[in-house]
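File shown here: target_2.cif, holding mmCIF, N, CA and C atoms.
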```
data_final
#
loop_
_atom_site.label_atom_id
_atom_site.label_comp_id
_atom_site.auth_asym_id
_atom_site.auth_seq_id
_atom_site.Cartn_x
_atom_site.Cartn_y
_atom_site.Cartn_z
N MET A 1 0.84 -1.17 0.00
CA MET A 1 0.00 0.00 0.00
C MET A 1 0.89 1.24 0.00
N THR A 2 0.62 2.16 -0.86
CA THR A 2 1.37 3.40 -0.95
C THR A 2 0.62 4.49 -0.22
N GLN A 3 1.34 5.21 0.62
CA GLN A 3 0.72 6.32 1.33
C GLN A 3 1.18 7.62 0.70
N ALA A 4 0.29 8.57 0.61
CA ALA A 4 0.63 9.87 0.05
C ALA A 4 -0.20 10.93 0.73
N HIS A 5 0.32 12.15 0.72
CA HIS A 5 -0.45 13.27 1.24
C HIS A 5 -1.55 13.60 0.24
N PRO A 6 -2.73 13.94 0.72
CA PRO A 6 -3.80 14.28 -0.21
C PRO A 6 -3.45 15.52 -1.04
N THR A 7 -3.76 15.46 -2.32
CA THR A 7 -3.49 16.60 -3.19
C THR A 7 -4.74 16.97 -3.99
N SER A 8 -5.91 16.66 -3.45
CA SER A 8 -7.13 16.90 -4.19
C SER A 8 -7.58 18.36 -4.17
N GLY A 9 -7.06 19.15 -3.24
CA GLY A 9 -7.46 20.56 -3.16
C GLY A 9 -6.67 21.41 -4.13
N ALA A 10 -7.00 22.69 -4.19
CA ALA A 10 -6.33 23.61 -5.09
C ALA A 10 -4.92 23.92 -4.64
N GLU A 11 -4.67 23.81 -3.35
CA GLU A 11 -3.35 24.09 -2.78
C GLU A 11 -2.93 22.95 -1.87
N PRO A 12 -1.61 22.70 -1.77
CA PRO A 12 -1.17 21.67 -0.83
C PRO A 12 -1.42 22.11 0.61
N GLU A 13 -1.23 21.19 1.53
CA GLU A 13 -1.41 21.53 2.93
C GLU A 13 -0.55 22.73 3.29
N ILE A 14 -0.96 23.45 4.29
CA ILE A 14 -0.29 24.70 4.65
C ILE A 14 1.19 24.49 4.97
N ASP A 15 1.58 23.35 5.49
CA ASP A 15 2.97 23.13 5.86
C ASP A 15 3.81 22.57 4.72
N CYS A 16 3.23 22.35 3.55
CA CYS A 16 3.99 21.86 2.41
C CYS A 16 4.88 23.00 1.88
N PRO A 17 6.19 22.75 1.76
CA PRO A 17 7.11 23.81 1.40
C PRO A 17 7.18 24.13 -0.09
N VAL A 18 6.50 23.36 -0.93
CA VAL A 18 6.54 23.59 -2.38
C VAL A 18 5.13 23.69 -2.92
N SER A 19 5.01 24.17 -4.16
CA SER A 19 3.70 24.30 -4.78
C SER A 19 3.11 22.92 -5.09
N LEU A 20 1.82 22.91 -5.33
CA LEU A 20 1.12 21.68 -5.68
C LEU A 20 1.71 21.09 -6.96
N GLU A 21 2.07 21.94 -7.90
CA GLU A 21 2.66 21.48 -9.16
C GLU A 21 3.98 20.74 -8.92
N VAL A 22 4.84 21.30 -8.10
CA VAL A 22 6.13 20.67 -7.80
C VAL A 22 5.91 19.38 -7.01
N LEU A 23 5.03 19.41 -6.04
CA LEU A 23 4.73 18.23 -5.24
C LEU A 23 4.24 17.09 -6.13
N GLY A 24 3.34 17.41 -7.07
CA GLY A 24 2.84 16.40 -8.00
C GLY A 24 3.94 15.86 -8.88
N SER A 25 4.85 16.73 -9.33
CA SER A 25 5.97 16.28 -10.16
C SER A 25 6.87 15.32 -9.40
N VAL A 26 7.10 15.61 -8.13
CA VAL A 26 7.93 14.73 -7.29
C VAL A 26 7.26 13.37 -7.15
N TYR A 27 5.97 13.36 -6.86
CA TYR A 27 5.25 12.10 -6.70
C TYR A 27 5.22 11.27 -7.99
N ARG A 28 5.12 11.92 -9.13
CA ARG A 28 5.01 11.20 -10.41
C ARG A 28 6.35 10.84 -11.02
N ALA A 29 7.42 11.42 -10.55
CA ALA A 29 8.73 11.25 -11.18
C ALA A 29 9.23 9.81 -11.06
N ASP A 30 9.94 9.37 -12.10
CA ASP A 30 10.60 8.08 -12.02
C ASP A 30 12.02 8.29 -11.51
N GLU A 31 12.77 7.22 -11.38
CA GLU A 31 14.11 7.30 -10.78
C GLU A 31 15.08 8.13 -11.62
N TYR A 32 14.78 8.35 -12.87
CA TYR A 32 15.66 9.14 -13.74
C TYR A 32 15.32 10.63 -13.70
N ASP A 33 14.04 10.95 -13.60
CA ASP A 33 13.60 12.35 -13.60
C ASP A 33 13.67 13.01 -12.23
N LEU A 34 13.53 12.23 -11.17
CA LEU A 34 13.48 12.81 -9.83
C LEU A 34 14.72 13.64 -9.49
N PRO A 35 15.94 13.18 -9.75
CA PRO A 35 17.10 14.02 -9.43
C PRO A 35 17.07 15.38 -10.14
N MET A 36 16.61 15.41 -11.38
CA MET A 36 16.55 16.68 -12.11
C MET A 36 15.51 17.62 -11.50
N ILE A 37 14.39 17.07 -11.05
CA ILE A 37 13.36 17.88 -10.42
C ILE A 37 13.89 18.44 -9.10
N LEU A 38 14.51 17.57 -8.31
CA LEU A 38 14.98 17.99 -6.99
C LEU A 38 16.11 19.00 -7.06
N GLU A 39 16.98 18.90 -8.07
CA GLU A 39 18.09 19.85 -8.13
C GLU A 39 17.62 21.26 -8.47
N GLN A 40 16.40 21.41 -8.95
CA GLN A 40 15.84 22.72 -9.24
C GLN A 40 15.24 23.39 -8.00
N ILE A 41 15.11 22.63 -6.92
CA ILE A 41 14.56 23.15 -5.67
C ILE A 41 15.73 23.56 -4.78
N PRO A 42 15.71 24.77 -4.23
CA PRO A 42 16.79 25.21 -3.34
C PRO A 42 16.99 24.23 -2.17
N ALA A 43 18.22 24.15 -1.69
CA ALA A 43 18.60 23.15 -0.67
C ALA A 43 17.70 23.21 0.57
N LEU A 44 17.40 24.38 1.07
CA LEU A 44 16.55 24.49 2.26
C LEU A 44 15.16 23.96 1.98
N LYS A 45 14.59 24.30 0.82
CA LYS A 45 13.26 23.79 0.46
C LYS A 45 13.28 22.28 0.28
N ARG A 46 14.37 21.74 -0.30
CA ARG A 46 14.50 20.27 -0.44
C ARG A 46 14.48 19.61 0.93
N ALA A 47 15.20 20.18 1.88
CA ALA A 47 15.23 19.62 3.23
C ALA A 47 13.84 19.69 3.86
N GLN A 48 13.15 20.81 3.67
CA GLN A 48 11.80 20.95 4.21
C GLN A 48 10.85 19.96 3.54
N LEU A 49 11.02 19.76 2.24
CA LEU A 49 10.18 18.81 1.51
C LEU A 49 10.43 17.39 2.01
N ALA A 50 11.68 17.05 2.23
CA ALA A 50 12.01 15.72 2.75
C ALA A 50 11.34 15.49 4.10
N THR A 51 11.36 16.49 4.94
CA THR A 51 10.72 16.38 6.25
C THR A 51 9.20 16.24 6.08
N TYR A 52 8.65 17.00 5.16
CA TYR A 52 7.20 16.94 4.90
C TYR A 52 6.78 15.56 4.40
N LEU A 53 7.60 14.98 3.53
CA LEU A 53 7.25 13.70 2.93
C LEU A 53 7.59 12.50 3.81
N PHE A 54 8.43 12.70 4.80
CA PHE A 54 8.85 11.61 5.67
C PHE A 54 7.67 11.03 6.41
N ASP A 55 7.57 9.71 6.38
CA ASP A 55 6.48 9.03 7.07
C ASP A 55 7.11 8.05 8.06
N PRO A 56 7.16 8.36 9.35
CA PRO A 56 7.82 7.49 10.32
C PRO A 56 7.13 6.12 10.48
N GLY A 57 5.93 5.98 9.95
CA GLY A 57 5.23 4.70 10.06
C GLY A 57 5.65 3.68 9.03
N VAL A 58 6.53 4.07 8.11
CA VAL A 58 6.95 3.16 7.04
C VAL A 58 8.10 2.32 7.50
#
```

Same coordinates, now as structure tokens:
Amino acid sequence: MTQAHPTSGAEPEIDCPVSLEVLGSVYRADEYDLPMILEQIPALKRAQLATYLFDPGV
């Protein structure tokens, strides 16, 4: 079972550090595209995104 943050609204959750468009791109990216997407995000935002996406229950 894959867990994901809901993205059905017009905007991501208030604590999401990136736009809904970027968040969707990250979720849909394959192993080849993901590094290119992530390198376009500033280091601090990448760290915040990693924290946002981290699921301690996994």

Just how far from CA of Ile14 (chain A) is atom N of Asp33 (chain A), in Å to one decimal?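 CA of Ile14 (chain A) lies at a distance of 27.0 Å from atom N of Asp33 (chain A).
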
Using only the atoms of region 37-46 of chain A listed in the file, plus 4 Å on each side, state the axis-aligned box centre and edge lengths in Å rounded to one decimal, as AutoDock Vina command-line options.
```
--center_x 15.9 --center_y 21.1 --center_z -4.4 --size_x 13.3 --size_y 16.1 --size_z 21.3
```

Output the residue selection produced by the PyMOL selection byres (((chain A and resi 26 and name CA) around 12) and name CA) on the file above, formatted as a ChimeraX atom specification. /A:4,18-25,27-41,46,49-50,53

DSSP-assigned alpha helix (DSSP H) members of region 12-56 of chain A, reported as number ranges by chain: A: 20-28, 34-39, 43-53

Excluding Tyr52 (chain A) and any residue of its chain fewer than 2 positions from it, enumerate the residues within 7 Å of it, using all atoms listed in the file, and give them as an NGL selection string. :A and (15-17 or 47-50 or 54-55)
